[in-house]
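Asker: Handing you a structure now.
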Amino acid sequence: MRPIVGLITSEALAYTGTRLAMIAIPWFVLETTGSPAQMGLVTLFELGAYTLARLFVGPLLDRVGQRAVSIRVDLIAAAALLAVPILFTAGLLPFPVLLALVTVIGLATGPSEAAKVSLAPFVAAAANVRVERVTGLAGTVDRLSMTVGPIAAGAVVAALGALTALYVNAVLMVLSALVMAFLLSRGTEVAGPARTDPEEGDGYLARLHAGWRAVWGDLPLRMLVAMILVTNIVDVAVMSLALPVWAHEGGWGAEAVGLVAGTLGGASVVGSLVAAWVGHRLPRRAAFFAAMVIAGPPRVLVLALDVPLWVVLVVWAVSGLGGGLINPILSAVIFERLPGHMVGRGMSMVGALARVGAPIAAPGIGAAIGLLGVSPVLAAGAAVYLAAVALPAFGRAAKRLERPLEEPGTAPQGTQTQRATRARRR
């Protein structure tokens, strides 16, 4: 069980740090500039760098190893996070320098998350457990960090200021690297999917293109990427732009941002635990699309309405229960359909493609909030989210999301790859 403990603990530390930054950096920009448009620009640089790094890191993950990449980039992220409060305190943080630093943070956190996520099948094989168990636990950690991170960030920002949260974030990234180094052995990756790589002698671009083909050439994966791309645009706009503006305009303060996001994360933990416990018994397609509908439009729309804070908290809690089911199911589907030697490339490619729209749209959404107000933008976002989920739910690709007849997770790795190949041919 040591590999599972190492992976889950490292993810918990890094993801909690990321949640701290999600509130601390936008709030810092809003307080120092008062401009939603500049908040959008910061989001563009950070998420744009995150997306590009995650898109192109796949061949490196498969060649160097997820563990080694994760350790190194976590330390780079920590250094960039420390630089923000240090330079600001010294009066050496003009806006272009801040953009450069958040770009470095994005360039580091993209590969960091890709490395950790793609370690799941290897860790499952090393511990001889179902991959859905590991993805369920990882999803629980992700959702738990949405509880601890935002609440802690809101409290720290309110009590000590946004910059203090960035110091805490840097410490968490360093601890994540240390846990990964000491609890996961260097041979963890070879315990997972078969390492025979037909492209082993090819150059970087050829290996990157092979990863692209594995993802975009698979109809269900292509459908999932397109759907998550759209819903991620809405999610990022809400969490990074609309939610802070909503709290600021309503006079709630940073504590409300942490409370609302923390409520979502706390309920999501319950949903993720359910997925880890009985996820492999649920009707996968129905559970996935129902969870997407519950998790997205209601919590976006309620922010556009003039309702008491407790109503917002209740709606976000219900959405969190649905959201907790999504990532474990999604990860299991992706691992089943990717060839074993392309896990790193495939997972990083999926993550990058699913996020590519958010940084591009962020400046425009920030400008729209400044021009139209936050409520109309939120109402439009809820409608777009619902359409993105409902349209593909009954298509041909969605029918192929069901679990293979043979249970994945503990079978020999070559068998998993063969099942994935057969699934893609169906």
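Labeling convention for the structure tokens: chains A, B, ... as they appear, residues from 1 per chain, ligands from 1 in order of appearance.
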Kindly provide the residues of stretch 192-259 of chain A that approach stretch 373-386 of chain A to within 9 Å, each paired with its closest atom pair and their distance in Å to one decimal, based on only C-alpha atoms, listed by chain and increasing number, as JSON lines.
Answerer:
{"residue": "A:Met227", "atom": "CA", "partner": "A:Tyr385", "partner_atom": "CA", "distance": 8.9}
{"residue": "A:Val230", "atom": "CA", "partner": "A:Tyr385", "partner_atom": "CA", "distance": 7.0}
{"residue": "A:Thr231", "atom": "CA", "partner": "A:Tyr385", "partner_atom": "CA", "distance": 5.4}
{"residue": "A:Asn232", "atom": "CA", "partner": "A:Tyr385", "partner_atom": "CA", "distance": 8.9}
{"residue": "A:Ile233", "atom": "CA", "partner": "A:Gly381", "partner_atom": "CA", "distance": 8.8}
{"residue": "A:Val234", "atom": "CA", "partner": "A:Gly381", "partner_atom": "CA", "distance": 5.7}
{"residue": "A:Asp235", "atom": "CA", "partner": "A:Gly381", "partner_atom": "CA", "distance": 8.8}
{"residue": "A:Ala237", "atom": "CA", "partner": "A:Gly381", "partner_atom": "CA", "distance": 8.6}
{"residue": "A:Val238", "atom": "CA", "partner": "A:Leu378", "partner_atom": "CA", "distance": 7.5}
{"residue": "A:Ala242", "atom": "CA", "partner": "A:Val374", "partner_atom": "CA", "distance": 6.2}
{"residue": "A:Leu243", "atom": "CA", "partner": "A:Val374", "partner_atom": "CA", "distance": 8.8}
{"residue": "A:Val245", "atom": "CA", "partner": "A:Val374", "partner_atom": "CA", "distance": 7.3}
{"residue": "A:Trp246", "atom": "CA", "partner": "A:Val374", "partner_atom": "CA", "distance": 6.8}
Asker: Please identify the helix (DSSP H, G or I) residues within stretch 147-331 of chain A (assignment by DSSP from backbone atoms) and present them as a ChimeraX atom specification.
Answerer: /A:147-160,162-183,188-191,204-216,219-249,254-281,284-295,297-303,309-323,326-331
Asker: Atom CA of A:Val84 and atom CA of A:Pro363 are how many Å apart?
Answerer: 21.5 Å
Asker: What is the distance between atom CA of A:Leu183 and atom CA of A:Ser10, in Å to one decimal?
Answerer: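 Atom CA of A:Leu183 sits 9.2 Å away from atom CA of A:Ser10.
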Asker: Between atom CA of A:Thr18 and atom CA of A:Ala261, what is the distance, to one decimal in Å?
Answerer: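 These atoms are spaced 13.1 Å apart.
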Asker: Which residue is closest to A:Val318? Choose from A:Thr263, A:Ala247, A:Ala286, A:Ala275 and count only C-alpha atoms.
Answerer: A:Thr263
